[in-house]
Amino acid sequence: MTLEVYSQSPKFSFSKEFIEVKTSENIQEIKVYKGSFTSHEQLANKEAILGDLFKDESSLYFTPVLPFQLNTTYTAIVNDSFFEFLIPLKTDYKKLRIAAIYPNTSKLPSNFLKWYVAFSKPVNSANIYNHITLINNKTKEKVDRALLPLENALLSNDGKLLTLWIEPGRQKRDLGPNKHLGEVLNEGASYTLLIDEKLKDKYGVAMGKTFEHSFRVIGSDRIQPSIKKWEFVLPKSNTNQPLVIQLNDNLDFGSLHNSLQIINTKGQVISGSFRIKTNENIIEFVPNTSWIKGNYILKCDKIIEDVSGNNLERLFDRDITKKKTKPILERKFSILR
Amino acid sequence: MPTYAVDSLTEDFVTGNPEIGSINAMTFGPEGILFLGDSKNSQVVAVDMSSAKKATNQKLYLKDIEALLGQLLGSDSDQLQIIDMVVNPINQNIYLGAQHSSGKSFLFLVNNNTLENVPLKSVSFSKVNVSNVVNADAKDRRGRPLRSLAITDIQFANGQIMVSGLSNAEFASTFRAIPFPFTNKQSDSSLEIYHAAHGKYETHAPIKTFMTTTINNQPHIIASYTCTPLVVFPMESLTPGSHTKGRTVAELGNWKTPLDIIEMTNNKGKRFILMANSNRALMKFKVSDIESFGNSLTTRVKERAGTDGVDFINLPFVNVQQLDKLNDKEFVFIQRESNGKLALKTSSNRWL
């Protein structure tokens, strides 16, 4: 949408993507600054916004390298005319919120490793870890060096799923930070993961509401997960009912993605989709075509892990004096009815 | 396999848009070739910067980079982040990679004491895919595009580009060496690195930042992990599919996340490693200390005042976020100053 704010000559209009100046004068330049300015003197130490100029018969256009930010004042300067403009935030603008957190259990083991935070829309990844803190519920104080900050935030490609690591050096037995500071989470204590309201979405609009997730810490989990514990709730043949797998364990949300496959006895892959619902301790598989009576194999990747980073192949911090055992990566099931 | 004499490293480069999704790590190779690690499009892009003009800066000092970037991009500065800084060793041009919350990345040249946008839409380039750095044996093709790789660092040495990465789903370490010039046939190596220097336990650990150097006259990689150990391993161990155990030479204390690591030489020809960390001062190691430190891969390191292993000295530069060698005598760095502003400045090897 192009809004017109001034009707005098030259005629100035703007949108998120570009500025247009209609004029009969021979103008060569549009300069745009972030902020509100009324004279050239005020701009002495300011840099103009980067962008491209384009000219046609009646107008000169300026396209900024980034679309103009919402709810932000800009000043465009054409010769000695100053035009102030702002793209308002729509009243029904849906603000960023946290759609889900994995795991969302009220109890976590002391060697817990990571959360996945699902946002309702793409989040601003710049310095995102500065907005996230872990609070000790008793002292009400921030737990120092609790979360691993990274310059390149661990965000899924759609910008909506953030991986949040508990400082791994403190969670691994015998590493310096673990020896000197101990584990981040102490058994018996309660904590709150806090994501502050100032966190913005990719368009620069703040969440406006602080997110809190409280939990209590139980003993450490140093038992390798096993798919032998999984129980299958079988679908009927000639239907597209989901195959439901009860995990009977708190498994890691991320590691289950792209880690599962169902094949038939001919080795053909059954096409369909997995729904990873670790917060309900289940996985569902919905086939694209109806189930056929017969035998199937669920194949699992060894990287599937529990919430403490122990995977099907090894413990997160493996005791090298103990013998390795071969991981079980396949489960058979039959659809008979 | 026949071998071809390559007249120039850029012989196979094409001119056009390399379609860079994000700039996550940068390094310069020989002949003014800039390598960009692009996590979003899972690629490493080599851009020929040899014909780029030399920047002119009266004094290398930008007092508030975040405000400057905010002005140039018309954005709030908290929507922007500087991801990396590199120096072209041929002409000392300093480049910054910056990312905006929209997902767009920008390359800037420090010129005329400001930042100049370097467009990447029409450049001479060559690129290679690194999508399967994190490998899943069983793939659900209909699965959500959840699993991604964050490239943490890239370096060029001995005719290959090396890439370290961190998965968002598992704590695996991936490290890959890709021959350059890139060929259709990838003969790269994927390594998993364990650190076992702590006696009883071993874990996978992703590399946060690394550099290449010679140790005892052999090419080596010095890598720093997200969980603080400084590890050395020989480059010849980069054979396809191998698992290498690095030699831990130091643990860097309890409050640090390694950010950048470089090598400098002092006026007497002594070699030093400089490392920037979160929260603490710039650290200085002697290369000779690393060379003489133990031989065994699994020797338990000795305790020393909260940090273990080879000795280091803290230099009086705190909160250095980016660091690179400018020339034989100077290094350039980006520092969060006590006034809260992010400044770009230089210092010299008189500190070494």
# chains A, B, ... in the order shown; residues from 1 in each chain; ligands from 1
call {"tool": "residues_around", "arguments": {"residues": "Lys121 of chain B", "least_positions_apart": "6", "cutoff": "9 Å", "atoms": "only C-alpha atoms", "output": "list of chain:residue names"}}
result
B:Gly16, B:Asn17, B:Pro18, B:Glu19, B:Ile20
call {"tool": "write_last_selection", "arguments": {"atoms": "N, CA and C atoms", "output": "mmCIF file, in the first residue's frame"}}
result
data_model
loop_
_atom_site.group_PDB
_atom_site.id
_atom_site.type_symbol
_atom_site.label_atom_id
_atom_site.label_comp_id
_atom_site.auth_asym_id
_atom_site.auth_seq_id
_atom_site.Cartn_x
_atom_site.Cartn_y
_atom_site.Cartn_z
ATOM 1 N N GLY B 16 28.090 -13.730 -11.158
ATOM 2 C CA GLY B 16 26.647 -13.753 -10.970
ATOM 3 C C GLY B 16 26.302 -13.626 -9.506
ATOM 4 N N ASN B 17 25.103 -14.102 -9.179
ATOM 5 C CA ASN B 17 24.614 -13.998 -7.805
ATOM 6 C C ASN B 17 24.788 -15.344 -7.095
ATOM 7 N N PRO B 18 25.650 -15.399 -6.092
ATOM 8 C CA PRO B 18 25.852 -16.679 -5.402
ATOM 9 C C PRO B 18 24.707 -17.051 -4.469
ATOM 10 N N GLU B 19 23.711 -16.177 -4.377
ATOM 11 C CA GLU B 19 22.531 -16.411 -3.543
ATOM 12 C C GLU B 19 22.907 -16.796 -2.120
ATOM 13 N N ILE B 20 23.508 -15.829 -1.471
ATOM 14 C CA ILE B 20 23.930 -16.033 -0.094
ATOM 15 C C ILE B 20 22.723 -15.828 0.829
#
call {"tool": "interface_residues", "arguments": {"of": "chain A", "to": "chain B", "cutoff": "7 Å", "atoms": "only C-alpha atoms", "output": "ChimeraX atom specification"}}
result
/A:33-34,47-50,65-66,68-69,124-127,151-152,154,156-157,163,168-169,174-177,202-204,254-255,257-261,273-274,300-301,316-321
call {"tool": "atom_distance", "arguments": {"atom1": "atom CA of Asn327 of chain B", "atom2": "atom CA of Val118 of chain B"}}
result
22.1 Å
call {"tool": "residues_around", "arguments": {"residues": "Leu274 of chain B", "least_positions_apart": "6", "cutoff": "10 Å", "atoms": "only C-alpha atoms", "output": "VMD selection string"}}
result
chain B and resid 260 to 264 282 to 286 312 to 315 323 to 325 331 352
call {"tool": "write_last_selection", "arguments": {"atoms": "N, CA, C and O atoms", "output": "PDB file, in the first residue's frame"}}
result
ATOM      1  N   ASP B 260      37.116 -15.808  19.162  1.00  0.00           N
ATOM      2  CA  ASP B 260      38.002 -15.710  18.005  1.00  0.00           C
ATOM      3  C   ASP B 260      39.419 -16.055  18.432  1.00  0.00           C
ATOM      4  O   ASP B 260      39.798 -15.805  19.580  1.00  0.00           O
ATOM      5  N   ILE B 261      40.190 -16.595  17.511  1.00  0.00           N
ATOM      6  CA  ILE B 261      41.549 -17.009  17.851  1.00  0.00           C
ATOM      7  C   ILE B 261      42.468 -16.693  16.664  1.00  0.00           C
ATOM      8  O   ILE B 261      42.116 -16.959  15.517  1.00  0.00           O
ATOM      9  N   ILE B 262      43.599 -16.039  16.933  1.00  0.00           N
ATOM     10  CA  ILE B 262      44.544 -15.673  15.859  1.00  0.00           C
ATOM     11  C   ILE B 262      45.981 -15.918  16.325  1.00  0.00           C
ATOM     12  O   ILE B 262      46.229 -16.113  17.510  1.00  0.00           O
ATOM     13  N   GLU B 263      46.897 -15.862  15.346  1.00  0.00           N
ATOM     14  CA  GLU B 263      48.313 -15.979  15.686  1.00  0.00           C
ATOM     15  C   GLU B 263      49.023 -14.682  15.325  1.00  0.00           C
ATOM     16  O   GLU B 263      48.769 -14.101  14.279  1.00  0.00           O
ATOM     17  N   MET B 264      49.907 -14.225  16.210  1.00  0.00           N
ATOM     18  CA  MET B 264      50.709 -13.028  15.955  1.00  0.00           C
ATOM     19  C   MET B 264      52.156 -13.346  16.324  1.00  0.00           C
ATOM     20  O   MET B 264      52.416 -14.238  17.123  1.00  0.00           O
ATOM     21  N   LEU B 282      41.439 -10.564  26.756  1.00  0.00           N
ATOM     22  CA  LEU B 282      42.094 -11.229  25.642  1.00  0.00           C
ATOM     23  C   LEU B 282      43.225 -12.081  26.212  1.00  0.00           C
ATOM     24  O   LEU B 282      44.007 -11.616  27.033  1.00  0.00           O
ATOM     25  N   MET B 283      43.305 -13.347  25.780  1.00  0.00           N
ATOM     26  CA  MET B 283      44.305 -14.245  26.348  1.00  0.00           C
ATOM     27  C   MET B 283      45.458 -14.448  25.372  1.00  0.00           C
ATOM     28  O   MET B 283      45.249 -14.531  24.167  1.00  0.00           O
ATOM     29  N   LYS B 284      46.656 -14.562  25.933  1.00  0.00           N
ATOM     30  CA  LYS B 284      47.854 -14.743  25.110  1.00  0.00           C
ATOM     31  C   LYS B 284      48.561 -16.035  25.506  1.00  0.00           C
ATOM     32  O   LYS B 284      48.862 -16.235  26.681  1.00  0.00           O
ATOM     33  N   PHE B 285      48.805 -16.903  24.541  1.00  0.00           N
ATOM     34  CA  PHE B 285      49.549 -18.149  24.767  1.00  0.00           C
ATOM     35  C   PHE B 285      50.832 -18.103  23.949  1.00  0.00           C
ATOM     36  O   PHE B 285      50.837 -17.553  22.855  1.00  0.00           O
ATOM     37  N   LYS B 286      51.873 -18.749  24.448  1.00  0.00           N
ATOM     38  CA  LYS B 286      53.077 -18.928  23.624  1.00  0.00           C
ATOM     39  C   LYS B 286      52.901 -20.203  22.805  1.00  0.00           C
ATOM     40  O   LYS B 286      52.548 -21.245  23.357  1.00  0.00           O
ATOM     41  N   PHE B 312      48.772 -18.979  30.290  1.00  0.00           N
ATOM     42  CA  PHE B 312      48.414 -17.854  29.424  1.00  0.00           C
ATOM     43  C   PHE B 312      48.466 -16.575  30.239  1.00  0.00           C
ATOM     44  O   PHE B 312      48.471 -16.594  31.461  1.00  0.00           O
ATOM     45  N   ILE B 313      48.511 -15.477  29.520  1.00  0.00           N
ATOM     46  CA  ILE B 313      48.532 -14.162  30.163  1.00  0.00           C
ATOM     47  C   ILE B 313      47.314 -13.396  29.669  1.00  0.00           C
ATOM     48  O   ILE B 313      46.980 -13.445  28.483  1.00  0.00           O
ATOM     49  N   ASN B 314      46.653 -12.714  30.587  1.00  0.00           N
ATOM     50  CA  ASN B 314      45.531 -11.870  30.184  1.00  0.00           C
ATOM     51  C   ASN B 314      46.048 -10.516  29.716  1.00  0.00           C
ATOM     52  O   ASN B 314      46.811  -9.863  30.419  1.00  0.00           O
ATOM     53  N   LEU B 315      45.653 -10.099  28.529  1.00  0.00           N
ATOM     54  CA  LEU B 315      46.022  -8.775  28.039  1.00  0.00           C
ATOM     55  C   LEU B 315      44.925  -7.784  28.440  1.00  0.00           C
ATOM     56  O   LEU B 315      43.769  -8.168  28.601  1.00  0.00           O
ATOM     57  N   LEU B 323      38.176 -10.510  16.440  1.00  0.00           N
ATOM     58  CA  LEU B 323      39.617 -10.313  16.461  1.00  0.00           C
ATOM     59  C   LEU B 323      40.200 -10.843  15.166  1.00  0.00           C
ATOM     60  O   LEU B 323      39.834 -11.924  14.720  1.00  0.00           O
ATOM     61  N   ASP B 324      41.096 -10.071  14.533  1.00  0.00           N
ATOM     62  CA  ASP B 324      41.833 -10.610  13.394  1.00  0.00           C
ATOM     63  C   ASP B 324      43.170  -9.897  13.276  1.00  0.00           C
ATOM     64  O   ASP B 324      43.362  -8.795  13.784  1.00  0.00           O
ATOM     65  N   LYS B 325      44.081 -10.578  12.588  1.00  0.00           N
ATOM     66  CA  LYS B 325      45.404 -10.015  12.353  1.00  0.00           C
ATOM     67  C   LYS B 325      45.282  -8.989  11.244  1.00  0.00           C
ATOM     68  O   LYS B 325      44.742  -9.300  10.169  1.00  0.00           O
ATOM     69  N   PHE B 331      46.925  -5.923  15.216  1.00  0.00           N
ATOM     70  CA  PHE B 331      45.672  -6.679  15.125  1.00  0.00           C
ATOM     71  C   PHE B 331      44.500  -5.713  15.260  1.00  0.00           C
ATOM     72  O   PHE B 331      44.625  -4.632  15.836  1.00  0.00           O
ATOM     73  N   LEU B 352      52.962  -8.248  22.880  1.00  0.00           N
ATOM     74  CA  LEU B 352      53.344  -9.667  22.844  1.00  0.00           C
ATOM     75  C   LEU B 352      54.707  -9.883  23.499  1.00  0.00           C
ATOM     76  O   LEU B 352      55.511  -8.984  23.587  1.00  0.00           O
TER      77      LEU B 352
END
call {"tool": "residues_around", "arguments": {"residues": "Pro30 of chain B", "least_positions_apart": "5", "cutoff": "10 Å", "atoms": "only C-alpha atoms", "output": "mmCIF file with C-alpha atoms, in the first residue's frame"}}
result
data_model
loop_
_atom_site.group_PDB
_atom_site.id
_atom_site.type_symbol
_atom_site.label_atom_id
_atom_site.label_comp_id
_atom_site.auth_asym_id
_atom_site.auth_seq_id
_atom_site.Cartn_x
_atom_site.Cartn_y
_atom_site.Cartn_z
ATOM 1 C CA LEU B 9 42.464 -20.595 -8.159
ATOM 2 C CA ASP B 48 37.063 -13.199 -5.660
ATOM 3 C CA SER B 50 41.284 -9.500 -5.586
ATOM 4 C CA ASN B 88 42.224 -9.437 3.588
ATOM 5 C CA PRO B 89 45.934 -10.133 4.178
ATOM 6 C CA ILE B 90 46.805 -8.820 0.700
ATOM 7 C CA PHE B 156 41.609 -21.906 4.785
ATOM 8 C CA ALA B 157 44.926 -23.757 4.842
ATOM 9 C CA GLY B 159 44.551 -25.983 -0.263
#
call {"tool": "atom_distance", "arguments": {"atom1": "atom CA of Pro103 of chain A", "atom2": "atom CA of Leu298 of chain A"}}
result
23.8 Å
call {"tool": "residues_around", "arguments": {"residues": "Thr213 of chain B", "least_positions_apart": "5", "cutoff": "9 Å", "atoms": "only C-alpha atoms", "output": "VMD selection string"}}
result
chain B and resid 157 218 to 222 263
call {"tool": "closest_residue", "arguments": {"among": "B:Arg350, B:Gln160, B:Met211, B:Val310", "to": "Glu330 of chain B", "atoms": "only C-alpha atoms"}}
result
B:Arg350
call {"tool": "select_by_dssp", "arguments": {"residues": "segment 29-109 of chain A", "states": "strand (DSSP E)", "output": "number ranges by chain"}}
result
A: 31-34, 51-55, 59-64, 73-78, 81-86, 98-102, 107-109
call {"tool": "residues_around", "arguments": {"residues": "Gln155 of chain B", "least_positions_apart": "6", "cutoff": "10 Å", "atoms": "only C-alpha atoms", "output": "ChimeraX atom specification"}}
result
/B:25-29,35-37,161-164,177,209-212,221
call {"tool": "write_last_selection", "arguments": {"atoms": "all heavy atoms", "output": "short mmCIF file (atom, residue, chain, number, x, y, z; two decimals), in the first residue's frame"}}
result
data_model
loop_
_atom_site.label_atom_id
_atom_site.label_comp_id
_atom_site.auth_asym_id
_atom_site.auth_seq_id
_atom_site.Cartn_x
_atom_site.Cartn_y
_atom_site.Cartn_z
N ALA B 25 30.12 -17.03 8.98
CA ALA B 25 31.54 -17.04 9.29
C ALA B 25 32.28 -16.65 8.02
O ALA B 25 31.80 -16.89 6.92
CB ALA B 25 31.98 -18.43 9.76
N MET B 26 33.46 -16.01 8.18
CA MET B 26 34.21 -15.57 7.01
C MET B 26 35.69 -15.83 7.24
O MET B 26 36.16 -15.82 8.37
CB MET B 26 34.03 -14.06 6.79
CG MET B 26 32.59 -13.58 6.74
SD MET B 26 32.47 -11.88 6.12
CE MET B 26 33.13 -10.95 7.49
N THR B 27 36.40 -16.04 6.12
CA THR B 27 37.86 -16.10 6.20
C THR B 27 38.43 -15.78 4.83
O THR B 27 37.75 -15.96 3.81
CB THR B 27 38.34 -17.49 6.68
OG1 THR B 27 39.73 -17.40 7.02
CG2 THR B 27 38.17 -18.57 5.61
N PHE B 28 39.66 -15.28 4.81
CA PHE B 28 40.32 -15.06 3.53
C PHE B 28 41.27 -16.20 3.23
O PHE B 28 41.97 -16.69 4.11
CB PHE B 28 41.10 -13.74 3.55
CG PHE B 28 40.29 -12.59 3.03
CD1 PHE B 28 39.62 -11.75 3.90
CD2 PHE B 28 40.17 -12.38 1.66
CE1 PHE B 28 38.85 -10.70 3.41
CE2 PHE B 28 39.40 -11.34 1.17
CZ PHE B 28 38.73 -10.49 2.05
N GLY B 29 41.25 -16.64 1.99
CA GLY B 29 42.23 -17.61 1.51
C GLY B 29 43.30 -16.86 0.74
O GLY B 29 43.46 -15.65 0.90
N PHE B 35 36.08 -16.39 1.70
CA PHE B 35 35.17 -17.53 1.88
C PHE B 35 34.09 -17.14 2.87
O PHE B 35 34.39 -16.62 3.96
CB PHE B 35 35.93 -18.75 2.39
CG PHE B 35 36.90 -19.32 1.40
CD1 PHE B 35 38.21 -18.87 1.35
CD2 PHE B 35 36.49 -20.28 0.49
CE1 PHE B 35 39.10 -19.38 0.43
CE2 PHE B 35 37.38 -20.80 -0.45
CZ PHE B 35 38.69 -20.35 -0.48
N LEU B 36 32.84 -17.40 2.48
CA LEU B 36 31.71 -17.08 3.35
C LEU B 36 31.00 -18.37 3.72
O LEU B 36 30.62 -19.16 2.84
CB LEU B 36 30.72 -16.16 2.61
CG LEU B 36 31.28 -14.83 2.11
CD1 LEU B 36 30.31 -14.19 1.13
CD2 LEU B 36 31.54 -13.89 3.27
N GLY B 37 30.83 -18.60 4.99
CA GLY B 37 30.06 -19.75 5.47
C GLY B 37 28.60 -19.33 5.59
O GLY B 37 28.29 -18.39 6.31
N ILE B 161 39.41 -25.74 2.49
CA ILE B 161 38.63 -24.90 3.38
C ILE B 161 38.07 -25.82 4.47
O ILE B 161 37.59 -26.90 4.19
CB ILE B 161 37.53 -24.12 2.61
CG1 ILE B 161 36.84 -23.12 3.53
CG2 ILE B 161 36.51 -25.00 1.93
CD1 ILE B 161 37.54 -21.82 3.60
N MET B 162 38.21 -25.38 5.70
CA MET B 162 37.74 -26.18 6.83
C MET B 162 36.56 -25.50 7.48
O MET B 162 36.56 -24.28 7.65
CB MET B 162 38.87 -26.38 7.82
CG MET B 162 39.87 -27.43 7.33
SD MET B 162 41.46 -27.30 8.12
CE MET B 162 42.20 -26.06 7.08
N VAL B 163 35.56 -26.30 7.81
CA VAL B 163 34.30 -25.75 8.32
C VAL B 163 33.95 -26.46 9.62
O VAL B 163 33.89 -27.69 9.67
CB VAL B 163 33.15 -26.00 7.31
CG1 VAL B 163 31.86 -25.35 7.77
CG2 VAL B 163 33.54 -25.52 5.92
N SER B 164 33.71 -25.71 10.67
CA SER B 164 33.19 -26.32 11.89
C SER B 164 31.73 -25.93 12.04
O SER B 164 31.32 -24.84 11.67
CB SER B 164 33.99 -25.88 13.11
OG SER B 164 33.88 -24.49 13.31
N ALA B 177 36.75 -30.84 5.95
CA ALA B 177 37.78 -30.20 5.13
C ALA B 177 37.41 -30.43 3.67
O ALA B 177 37.15 -31.56 3.26
CB ALA B 177 39.14 -30.81 5.43
N THR B 209 35.51 -22.05 17.69
CA THR B 209 36.37 -21.28 16.81
C THR B 209 37.69 -22.04 16.67
O THR B 209 38.05 -22.81 17.56
CB THR B 209 36.59 -19.85 17.36
OG1 THR B 209 37.44 -19.14 16.46
CG2 THR B 209 37.21 -19.84 18.74
N PHE B 210 38.35 -21.86 15.54
CA PHE B 210 39.62 -22.57 15.37
C PHE B 210 40.55 -21.80 14.45
O PHE B 210 40.15 -20.82 13.81
CB PHE B 210 39.38 -23.99 14.84
CG PHE B 210 38.86 -24.06 13.42
CD1 PHE B 210 39.72 -24.29 12.36
CD2 PHE B 210 37.51 -23.91 13.16
CE1 PHE B 210 39.25 -24.36 11.06
CE2 PHE B 210 37.03 -23.98 11.86
CZ PHE B 210 37.90 -24.20 10.81
N MET B 211 41.81 -22.22 14.42
CA MET B 211 42.78 -21.62 13.53
C MET B 211 43.75 -22.70 13.08
O MET B 211 43.80 -23.78 13.67
CB MET B 211 43.55 -20.51 14.23
CG MET B 211 44.28 -20.98 15.47
SD MET B 211 45.39 -19.75 16.13
CE MET B 211 46.72 -19.87 14.95
N THR B 212 44.49 -22.40 12.01
CA THR B 212 45.48 -23.36 11.56
C THR B 212 46.85 -22.77 11.81
O THR B 212 47.05 -21.56 11.72
CB THR B 212 45.32 -23.66 10.06
OG1 THR B 212 45.38 -22.42 9.36
CG2 THR B 212 43.99 -24.33 9.78
N ILE B 221 45.72 -27.90 13.68
CA ILE B 221 44.56 -27.07 13.95
C ILE B 221 44.49 -26.86 15.45
O ILE B 221 44.67 -27.81 16.22
CB ILE B 221 43.28 -27.76 13.42
CG1 ILE B 221 43.26 -27.66 11.90
CG2 ILE B 221 42.02 -27.13 14.01
CD1 ILE B 221 42.34 -28.60 11.23
#
